[in-house]
Amino acid sequence: MIYKYYICLVLGTILFSVSNSVKGQEVSAAVFNDSIRNGNVQVFDVRTAGEYNTGHLSNALLADYTKKEEFTERVKYLDKDKTVYIYCLSGGRSAKAASWMRENGFKKVIELEGGINAWKQAGQPVEGVADVKQMTVDAFRSGIDKGEVLVDVGAEWCPPCRKMAPVLEAYLSKHKTVRLLKVDGGRDQDVMQSIKATSLPTFILYKDGREVWRKQGVSEQL
């Protein structure tokens, strides 16, 4: 009888430990802010690009949780061994995203209690409020009309785009005559539609207005 009791106690302890390991951890806006201040952290916004452009936390990466393919692709470029600080509008989407991340090997995911709504109500700072107009298709065409132009369709909040930054820099250093034209993946929707850029990052080389080659996603070189 004592032996059976001991076995049940051990099993209960194990189950409790496992449960705690995947349990969500929410913190207040003040604690969240204190934790991300040093800048050497992963801040993850799981709202839509439109929501992101209404204001976001400093250095936040973005992956829309409602777009499963986009989310699972971008989350691959986060470090599973480093703490991820995650948020959405009010906490619902980030809770689901955080749960998925814990189940898929992320060691520590901290959620912002109440989302960015609570963050703003606490008087914490946001940045990146969009007040810039889209690039027009005419302006884009004018930009690629002459010479060799590499179009970089990406965004600061896109994890694979950041991963490609040194690759892009190396390409431009090697090809001195190529000009760079950036298309904002969260804002320049008309241009993206006109060139059929459906994922971030997308790189397109034009020569005198004609497409020479196109590459998408992360690679070791362009």
# chains A, B, ... in the order shown; residues from 1 in each chain; ligands from 1
call {"tool": "residues_around", "arguments": {"residues": "Asn117 (chain A)", "least_positions_apart": "2", "cutoff": "10 Å", "atoms": "only C-alpha atoms", "output": "PDB file with N, CA and C atoms, in the first residue's frame"}}
result
ATOM      1  N   ALA A  29       3.125  44.958 -17.807  1.00  0.00           N
ATOM      2  CA  ALA A  29       3.820  45.841 -18.749  1.00  0.00           C
ATOM      3  C   ALA A  29       5.118  46.374 -18.152  1.00  0.00           C
ATOM      4  N   TYR A  87       3.972  39.260 -27.590  1.00  0.00           N
ATOM      5  CA  TYR A  87       2.752  40.028 -27.311  1.00  0.00           C
ATOM      6  C   TYR A  87       1.875  40.120 -28.554  1.00  0.00           C
ATOM      7  N   CYS A  88       0.614  40.469 -28.330  1.00  0.00           N
ATOM      8  CA  CYS A  88      -0.322  40.772 -29.420  1.00  0.00           C
ATOM      9  C   CYS A  88      -1.138  41.986 -28.979  1.00  0.00           C
ATOM     10  N   LEU A  89      -2.375  42.081 -29.410  1.00  0.00           N
ATOM     11  CA  LEU A  89      -3.192  43.239 -29.060  1.00  0.00           C
ATOM     12  C   LEU A  89      -3.648  43.193 -27.604  1.00  0.00           C
ATOM     13  N   SER A  90      -4.230  42.052 -27.207  1.00  0.00           N
ATOM     14  CA  SER A  90      -4.764  41.966 -25.847  1.00  0.00           C
ATOM     15  C   SER A  90      -4.375  40.690 -25.107  1.00  0.00           C
ATOM     16  N   GLY A  91      -3.629  39.813 -25.756  1.00  0.00           N
ATOM     17  CA  GLY A  91      -3.123  38.630 -25.069  1.00  0.00           C
ATOM     18  C   GLY A  91      -3.603  37.294 -25.580  1.00  0.00           C
ATOM     19  N   LEU A 112       3.259  39.184 -22.575  1.00  0.00           N
ATOM     20  CA  LEU A 112       2.860  40.492 -22.051  1.00  0.00           C
ATOM     21  C   LEU A 112       1.393  40.422 -21.648  1.00  0.00           C
ATOM     22  N   GLU A 113       1.138  40.487 -20.358  1.00  0.00           N
ATOM     23  CA  GLU A 113      -0.231  40.393 -19.854  1.00  0.00           C
ATOM     24  C   GLU A 113      -1.079  41.555 -20.377  1.00  0.00           C
ATOM     25  N   GLY A 114      -2.186  41.218 -21.030  1.00  0.00           N
ATOM     26  CA  GLY A 114      -3.067  42.248 -21.567  1.00  0.00           C
ATOM     27  C   GLY A 114      -2.633  42.810 -22.907  1.00  0.00           C
ATOM     28  N   GLY A 115      -1.514  42.312 -23.428  1.00  0.00           N
ATOM     29  CA  GLY A 115      -1.055  42.735 -24.751  1.00  0.00           C
ATOM     30  C   GLY A 115      -0.633  44.193 -24.820  1.00  0.00           C
ATOM     31  N   TRP A 119      -0.036  47.641 -22.349  1.00  0.00           N
ATOM     32  CA  TRP A 119       1.245  48.351 -22.444  1.00  0.00           C
ATOM     33  C   TRP A 119       1.016  49.850 -22.629  1.00  0.00           C
ATOM     34  N   LYS A 120       0.119  50.197 -23.556  1.00  0.00           N
ATOM     35  CA  LYS A 120      -0.175  51.609 -23.822  1.00  0.00           C
ATOM     36  C   LYS A 120      -0.872  52.262 -22.632  1.00  0.00           C
ATOM     37  N   GLN A 121      -1.797  51.522 -22.019  1.00  0.00           N
ATOM     38  CA  GLN A 121      -2.511  52.065 -20.865  1.00  0.00           C
ATOM     39  C   GLN A 121      -1.569  52.328 -19.694  1.00  0.00           C
ATOM     40  N   ALA A 122      -0.477  51.575 -19.638  1.00  0.00           N
ATOM     41  CA  ALA A 122       0.512  51.774 -18.579  1.00  0.00           C
ATOM     42  C   ALA A 122       1.486  52.901 -18.909  1.00  0.00           C
TER      43      ALA A 122
END
call {"tool": "select_by_dssp", "arguments": {"residues": "region 125-181 of chain A", "states": "helix (DSSP H, G or I)", "output": "count of residues only"}}
result
23
call {"tool": "atom_distance", "arguments": {"atom1": "CA of Leu172 (chain A)", "atom2": "CA of Glu211 (chain A)"}}
result
17.5 Å
call {"tool": "select_by_dssp", "arguments": {"residues": "region 36-193 of chain A", "states": "strand (DSSP E or B)", "output": "list in words"}}
result
Gln42, Val43, Phe44, Asp45, His56, Leu61, Leu62, Val84, Tyr85, Ile86, Tyr87, Val109, Ile110, Glu111, Leu112, Glu127, Glu148, Val149, Leu150, Val151, Asp152, Val153, Gly154, Arg179, Leu180, Leu181, Lys182, Val183 and Asp184 of chain A
call {"tool": "residues_around", "arguments": {"residues": "Glu73 (chain A)", "least_positions_apart": "3", "cutoff": "12 Å", "atoms": "only C-alpha atoms", "output": "list in words"}}
result
Leu62, Ala63, Asp64, Tyr65, Lys67, Lys68, Glu69, Glu70, Lys76, Tyr77, Leu78, Cys158, Pro159, Pro160, Cys161, Ser199, Leu200, Pro201, Gly217 and Val218 of chain A
call {"tool": "write_last_selection", "arguments": {"atoms": "N, CA and C atoms", "output": "PDB file, in the first residue's frame"}}
result
ATOM      1  N   LEU A  62       8.115  40.552 -36.292  1.00  0.00           N
ATOM      2  CA  LEU A  62       6.690  40.325 -36.541  1.00  0.00           C
ATOM      3  C   LEU A  62       6.449  39.022 -37.285  1.00  0.00           C
ATOM      4  N   ALA A  63       5.440  38.288 -36.852  1.00  0.00           N
ATOM      5  CA  ALA A  63       4.918  37.141 -37.584  1.00  0.00           C
ATOM      6  C   ALA A  63       3.439  37.024 -37.238  1.00  0.00           C
ATOM      7  N   ASP A  64       2.596  37.185 -38.230  1.00  0.00           N
ATOM      8  CA  ASP A  64       1.148  37.161 -38.029  1.00  0.00           C
ATOM      9  C   ASP A  64       0.708  35.749 -37.635  1.00  0.00           C
ATOM     10  N   TYR A  65       0.238  35.597 -36.399  1.00  0.00           N
ATOM     11  CA  TYR A  65      -0.147  34.266 -35.924  1.00  0.00           C
ATOM     12  C   TYR A  65      -1.347  33.716 -36.685  1.00  0.00           C
ATOM     13  N   LYS A  67      -1.795  33.800 -39.787  1.00  0.00           N
ATOM     14  CA  LYS A  67      -1.306  33.228 -41.053  1.00  0.00           C
ATOM     15  C   LYS A  67      -0.307  32.129 -40.691  1.00  0.00           C
ATOM     16  N   LYS A  68      -0.802  30.905 -40.605  1.00  0.00           N
ATOM     17  CA  LYS A  68      -0.003  29.808 -40.050  1.00  0.00           C
ATOM     18  C   LYS A  68       1.292  29.570 -40.811  1.00  0.00           C
ATOM     19  N   GLU A  69       1.226  29.626 -42.140  1.00  0.00           N
ATOM     20  CA  GLU A  69       2.429  29.372 -42.937  1.00  0.00           C
ATOM     21  C   GLU A  69       3.486  30.441 -42.680  1.00  0.00           C
ATOM     22  N   GLU A  70       3.052  31.704 -42.647  1.00  0.00           N
ATOM     23  CA  GLU A  70       3.971  32.806 -42.367  1.00  0.00           C
ATOM     24  C   GLU A  70       4.556  32.672 -40.964  1.00  0.00           C
ATOM     25  N   LYS A  76      11.095  30.133 -37.285  1.00  0.00           N
ATOM     26  CA  LYS A  76      12.292  29.298 -37.417  1.00  0.00           C
ATOM     27  C   LYS A  76      13.578  30.087 -37.194  1.00  0.00           C
ATOM     28  N   TYR A  77      13.501  31.399 -37.391  1.00  0.00           N
ATOM     29  CA  TYR A  77      14.704  32.218 -37.312  1.00  0.00           C
ATOM     30  C   TYR A  77      14.921  32.837 -35.927  1.00  0.00           C
ATOM     31  N   LEU A  78      14.099  32.432 -34.974  1.00  0.00           N
ATOM     32  CA  LEU A  78      14.320  32.824 -33.585  1.00  0.00           C
ATOM     33  C   LEU A  78      15.181  31.770 -32.898  1.00  0.00           C
ATOM     34  N   CYS A 158      10.767  41.612 -39.945  1.00  0.00           N
ATOM     35  CA  CYS A 158      10.735  40.273 -40.545  1.00  0.00           C
ATOM     36  C   CYS A 158      11.998  39.490 -40.174  1.00  0.00           C
ATOM     37  N   PRO A 159      11.902  38.410 -39.369  1.00  0.00           N
ATOM     38  CA  PRO A 159      13.092  37.667 -38.946  1.00  0.00           C
ATOM     39  C   PRO A 159      13.977  37.168 -40.086  1.00  0.00           C
ATOM     40  N   PRO A 160      13.420  36.507 -41.135  1.00  0.00           N
ATOM     41  CA  PRO A 160      14.306  36.067 -42.219  1.00  0.00           C
ATOM     42  C   PRO A 160      14.931  37.218 -42.993  1.00  0.00           C
ATOM     43  N   CYS A 161      14.268  38.372 -43.020  1.00  0.00           N
ATOM     44  CA  CYS A 161      14.848  39.550 -43.677  1.00  0.00           C
ATOM     45  C   CYS A 161      16.105  39.989 -42.933  1.00  0.00           C
ATOM     46  N   SER A 199       5.990  36.864 -50.631  1.00  0.00           N
ATOM     47  CA  SER A 199       6.611  36.464 -49.368  1.00  0.00           C
ATOM     48  C   SER A 199       7.815  37.347 -49.077  1.00  0.00           C
ATOM     49  N   LEU A 200       8.215  37.362 -47.810  1.00  0.00           N
ATOM     50  CA  LEU A 200       9.353  38.168 -47.374  1.00  0.00           C
ATOM     51  C   LEU A 200      10.460  37.259 -46.843  1.00  0.00           C
ATOM     52  N   PRO A 201      11.710  37.554 -47.191  1.00  0.00           N
ATOM     53  CA  PRO A 201      12.118  38.575 -48.155  1.00  0.00           C
ATOM     54  C   PRO A 201      12.046  38.057 -49.589  1.00  0.00           C
ATOM     55  N   GLY A 217      13.157  34.099 -49.752  1.00  0.00           N
ATOM     56  CA  GLY A 217      13.557  33.414 -48.536  1.00  0.00           C
ATOM     57  C   GLY A 217      15.025  33.575 -48.198  1.00  0.00           C
ATOM     58  N   VAL A 218      15.498  32.680 -47.335  1.00  0.00           N
ATOM     59  CA  VAL A 218      16.867  32.750 -46.824  1.00  0.00           C
ATOM     60  C   VAL A 218      17.790  31.856 -47.640  1.00  0.00           C
TER      61      VAL A 218
END
call {"tool": "residues_around", "arguments": {"residues": "region 140-156 of chain A", "least_positions_apart": "6", "cutoff": "10 Å", "atoms": "only C-alpha atoms", "output": "PDB file with N, CA and C atoms, in the first residue's frame"}}
result
ATOM      1  N   ASN A  59      12.325  47.300 -31.487  1.00  0.00           N
ATOM      2  CA  ASN A  59      13.048  46.138 -32.031  1.00  0.00           C
ATOM      3  C   ASN A  59      12.203  44.875 -32.137  1.00  0.00           C
ATOM      4  N   ALA A  60      10.886  45.027 -32.167  1.00  0.00           N
ATOM      5  CA  ALA A  60      10.021  43.848 -32.248  1.00  0.00           C
ATOM      6  C   ALA A  60      10.045  43.235 -33.644  1.00  0.00           C
ATOM      7  N   LEU A  61      10.167  41.917 -33.679  1.00  0.00           N
ATOM      8  CA  LEU A  61      10.011  41.153 -34.909  1.00  0.00           C
ATOM      9  C   LEU A  61       8.533  40.817 -35.061  1.00  0.00           C
ATOM     10  N   LEU A  62       8.115  40.552 -36.292  1.00  0.00           N
ATOM     11  CA  LEU A  62       6.690  40.325 -36.541  1.00  0.00           C
ATOM     12  C   LEU A  62       6.449  39.022 -37.285  1.00  0.00           C
ATOM     13  N   ARG A 162      16.036  39.998 -41.620  1.00  0.00           N
ATOM     14  CA  ARG A 162      17.215  40.351 -40.821  1.00  0.00           C
ATOM     15  C   ARG A 162      18.325  39.322 -41.016  1.00  0.00           C
ATOM     16  N   MET A 164      18.985  37.809 -43.688  1.00  0.00           N
ATOM     17  CA  MET A 164      19.581  38.026 -45.005  1.00  0.00           C
ATOM     18  C   MET A 164      20.372  39.325 -45.104  1.00  0.00           C
ATOM     19  N   LEU A 168      22.895  40.315 -48.189  1.00  0.00           N
ATOM     20  CA  LEU A 168      22.602  41.441 -49.076  1.00  0.00           C
ATOM     21  C   LEU A 168      23.780  42.407 -49.121  1.00  0.00           C
ATOM     22  N   TYR A 171      26.564  41.005 -51.218  1.00  0.00           N
ATOM     23  CA  TYR A 171      26.259  41.068 -52.653  1.00  0.00           C
ATOM     24  C   TYR A 171      26.518  42.468 -53.203  1.00  0.00           C
ATOM     25  N   LEU A 172      26.060  43.474 -52.491  1.00  0.00           N
ATOM     26  CA  LEU A 172      26.232  44.854 -52.952  1.00  0.00           C
ATOM     27  C   LEU A 172      27.704  45.269 -52.938  1.00  0.00           C
ATOM     28  N   HIS A 175      29.094  43.691 -56.115  1.00  0.00           N
ATOM     29  CA  HIS A 175      28.541  44.225 -57.366  1.00  0.00           C
ATOM     30  C   HIS A 175      28.332  45.731 -57.206  1.00  0.00           C
ATOM     31  N   THR A 177      28.131  48.205 -59.219  1.00  0.00           N
ATOM     32  CA  THR A 177      27.283  48.973 -60.141  1.00  0.00           C
ATOM     33  C   THR A 177      25.796  48.786 -59.862  1.00  0.00           C
ATOM     34  N   VAL A 178      25.470  47.861 -58.975  1.00  0.00           N
ATOM     35  CA  VAL A 178      24.060  47.575 -58.679  1.00  0.00           C
ATOM     36  C   VAL A 178      23.538  48.537 -57.618  1.00  0.00           C
ATOM     37  N   ARG A 179      22.419  49.172 -57.919  1.00  0.00           N
ATOM     38  CA  ARG A 179      21.761  50.046 -56.948  1.00  0.00           C
ATOM     39  C   ARG A 179      20.716  49.249 -56.175  1.00  0.00           C
ATOM     40  N   LEU A 180      20.464  49.668 -54.948  1.00  0.00           N
ATOM     41  CA  LEU A 180      19.482  48.992 -54.102  1.00  0.00           C
ATOM     42  C   LEU A 180      18.211  49.821 -54.006  1.00  0.00           C
ATOM     43  N   LEU A 181      17.073  49.164 -54.200  1.00  0.00           N
ATOM     44  CA  LEU A 181      15.772  49.806 -54.020  1.00  0.00           C
ATOM     45  C   LEU A 181      14.970  48.966 -53.033  1.00  0.00           C
ATOM     46  N   LYS A 182      14.645  49.558 -51.898  1.00  0.00           N
ATOM     47  CA  LYS A 182      13.910  48.830 -50.862  1.00  0.00           C
ATOM     48  C   LYS A 182      12.403  49.034 -51.008  1.00  0.00           C
ATOM     49  N   VAL A 183      11.671  47.954 -50.914  1.00  0.00           N
ATOM     50  CA  VAL A 183      10.212  47.976 -50.904  1.00  0.00           C
ATOM     51  C   VAL A 183       9.764  47.481 -49.534  1.00  0.00           C
ATOM     52  N   ASP A 184       8.989  48.287 -48.834  1.00  0.00           N
ATOM     53  CA  ASP A 184       8.553  47.947 -47.479  1.00  0.00           C
ATOM     54  C   ASP A 184       7.434  46.907 -47.529  1.00  0.00           C
ATOM     55  N   GLY A 185       7.729  45.727 -46.977  1.00  0.00           N
ATOM     56  CA  GLY A 185       6.771  44.628 -47.020  1.00  0.00           C
ATOM     57  C   GLY A 185       5.537  44.822 -46.166  1.00  0.00           C
ATOM     58  N   GLY A 186       5.542  45.796 -45.303  1.00  0.00           N
ATOM     59  CA  GLY A 186       4.364  46.066 -44.492  1.00  0.00           C
ATOM     60  C   GLY A 186       3.559  47.246 -44.973  1.00  0.00           C
ATOM     61  N   ARG A 187       4.107  47.992 -45.946  1.00  0.00           N
ATOM     62  CA  ARG A 187       3.449  49.220 -46.367  1.00  0.00           C
ATOM     63  C   ARG A 187       3.180  49.283 -47.870  1.00  0.00           C
ATOM     64  N   ASP A 188       4.151  48.888 -48.682  1.00  0.00           N
ATOM     65  CA  ASP A 188       4.058  49.111 -50.130  1.00  0.00           C
ATOM     66  C   ASP A 188       3.308  47.980 -50.833  1.00  0.00           C
ATOM     67  N   VAL A 191       2.866  48.073 -54.822  1.00  0.00           N
ATOM     68  CA  VAL A 191       4.080  47.665 -55.540  1.00  0.00           C
ATOM     69  C   VAL A 191       4.263  46.157 -55.440  1.00  0.00           C
ATOM     70  N   MET A 192       4.076  45.602 -54.255  1.00  0.00           N
ATOM     71  CA  MET A 192       4.231  44.159 -54.075  1.00  0.00           C
ATOM     72  C   MET A 192       3.278  43.382 -54.971  1.00  0.00           C
ATOM     73  N   SER A 194       2.011  44.447 -57.804  1.00  0.00           N
ATOM     74  CA  SER A 194       2.373  44.649 -59.212  1.00  0.00           C
ATOM     75  C   SER A 194       3.544  43.770 -59.642  1.00  0.00           C
ATOM     76  N   ALA A 197       5.199  39.900 -55.551  1.00  0.00           N
ATOM     77  CA  ALA A 197       6.036  39.521 -54.406  1.00  0.00           C
ATOM     78  C   ALA A 197       5.112  39.085 -53.279  1.00  0.00           C
ATOM     79  N   THR A 198       5.056  37.793 -53.030  1.00  0.00           N
ATOM     80  CA  THR A 198       4.075  37.255 -52.086  1.00  0.00           C
ATOM     81  C   THR A 198       4.669  36.829 -50.751  1.00  0.00           C
ATOM     82  N   SER A 199       5.990  36.864 -50.631  1.00  0.00           N
ATOM     83  CA  SER A 199       6.611  36.464 -49.368  1.00  0.00           C
ATOM     84  C   SER A 199       7.815  37.347 -49.077  1.00  0.00           C
ATOM     85  N   LEU A 200       8.215  37.362 -47.810  1.00  0.00           N
ATOM     86  CA  LEU A 200       9.353  38.168 -47.374  1.00  0.00           C
ATOM     87  C   LEU A 200      10.460  37.259 -46.843  1.00  0.00           C
ATOM     88  N   PRO A 201      11.710  37.554 -47.191  1.00  0.00           N
ATOM     89  CA  PRO A 201      12.118  38.575 -48.155  1.00  0.00           C
ATOM     90  C   PRO A 201      12.046  38.057 -49.589  1.00  0.00           C
ATOM     91  N   THR A 202      11.908  38.978 -50.529  1.00  0.00           N
ATOM     92  CA  THR A 202      12.013  38.671 -51.955  1.00  0.00           C
ATOM     93  C   THR A 202      13.038  39.620 -52.563  1.00  0.00           C
ATOM     94  N   PHE A 203      13.938  39.072 -53.351  1.00  0.00           N
ATOM     95  CA  PHE A 203      14.970  39.872 -54.019  1.00  0.00           C
ATOM     96  C   PHE A 203      14.804  39.717 -55.529  1.00  0.00           C
ATOM     97  N   ILE A 204      14.747  40.845 -56.215  1.00  0.00           N
ATOM     98  CA  ILE A 204      14.590  40.825 -57.672  1.00  0.00           C
ATOM     99  C   ILE A 204      15.634  41.745 -58.290  1.00  0.00           C
ATOM    100  N   LEU A 205      16.396  41.210 -59.229  1.00  0.00           N
ATOM    101  CA  LEU A 205      17.366  42.032 -59.947  1.00  0.00           C
ATOM    102  C   LEU A 205      16.761  42.472 -61.277  1.00  0.00           C
ATOM    103  N   TYR A 206      16.773  43.779 -61.501  1.00  0.00           N
ATOM    104  CA  TYR A 206      16.286  44.346 -62.759  1.00  0.00           C
ATOM    105  C   TYR A 206      17.457  44.959 -63.524  1.00  0.00           C
ATOM    106  N   LYS A 207      17.382  44.871 -64.840  1.00  0.00           N
ATOM    107  CA  LYS A 207      18.335  45.575 -65.703  1.00  0.00           C
ATOM    108  C   LYS A 207      17.546  46.357 -66.734  1.00  0.00           C
ATOM    109  N   ASP A 208      17.666  47.679 -66.658  1.00  0.00           N
ATOM    110  CA  ASP A 208      16.911  48.580 -67.544  1.00  0.00           C
ATOM    111  C   ASP A 208      15.420  48.254 -67.533  1.00  0.00           C
ATOM    112  N   GLY A 209      14.895  48.003 -66.339  1.00  0.00           N
ATOM    113  CA  GLY A 209      13.462  47.783 -66.175  1.00  0.00           C
ATOM    114  C   GLY A 209      12.985  46.360 -66.388  1.00  0.00           C
ATOM    115  N   ARG A 210      13.860  45.468 -66.804  1.00  0.00           N
ATOM    116  CA  ARG A 210      13.477  44.076 -67.058  1.00  0.00           C
ATOM    117  C   ARG A 210      13.999  43.163 -65.947  1.00  0.00           C
ATOM    118  N   GLU A 211      13.161  42.242 -65.522  1.00  0.00           N
ATOM    119  CA  GLU A 211      13.566  41.314 -64.471  1.00  0.00           C
ATOM    120  C   GLU A 211      14.601  40.327 -64.992  1.00  0.00           C
ATOM    121  N   VAL A 212      15.722  40.211 -64.259  1.00  0.00           N
ATOM    122  CA  VAL A 212      16.795  39.284 -64.629  1.00  0.00           C
ATOM    123  C   VAL A 212      16.679  37.989 -63.828  1.00  0.00           C
ATOM    124  N   TRP A 213      16.554  38.117 -62.515  1.00  0.00           N
ATOM    125  CA  TRP A 213      16.336  36.953 -61.664  1.00  0.00           C
ATOM    126  C   TRP A 213      15.573  37.352 -60.404  1.00  0.00           C
ATOM    127  N   ARG A 214      15.073  36.324 -59.736  1.00  0.00           N
ATOM    128  CA  ARG A 214      14.280  36.533 -58.520  1.00  0.00           C
ATOM    129  C   ARG A 214      14.594  35.419 -57.522  1.00  0.00           C
ATOM    130  N   LYS A 215      14.756  35.803 -56.262  1.00  0.00           N
ATOM    131  CA  LYS A 215      14.997  34.828 -55.204  1.00  0.00           C
ATOM    132  C   LYS A 215      14.140  35.179 -53.989  1.00  0.00           C
ATOM    133  N   GLN A 216      13.674  34.137 -53.305  1.00  0.00           N
ATOM    134  CA  GLN A 216      12.837  34.330 -52.126  1.00  0.00           C
ATOM    135  C   GLN A 216      13.422  33.581 -50.935  1.00  0.00           C
TER     136      GLN A 216
END
call {"tool": "residues_around", "arguments": {"residues": "Asp79 (chain A)", "least_positions_apart": "4", "cutoff": "9 Å", "atoms": "only C-alpha atoms", "output": "PyMOL selection string"}}
result
chain A and resi 42+75+83-84+106
call {"tool": "closest_residue", "arguments": {"among": "A:Met135, A:Ser58, A:Lys107, A:Arg93", "to": "Asp81 (chain A)", "atoms": "only C-alpha atoms"}}
result
A:Lys107
call {"tool": "closest_residue", "arguments": {"among": "A:Leu222, A:Ala98, A:Val41, A:Val46", "to": "Ala165 (chain A)", "atoms": "only C-alpha atoms"}}
result
A:Leu222
call {"tool": "closest_residue", "arguments": {"among": "A:Asn40, A:Asp45, A:Gln25, A:Gly55", "to": "Pro125 (chain A)", "atoms": "only C-alpha atoms"}}
result
A:Gly55
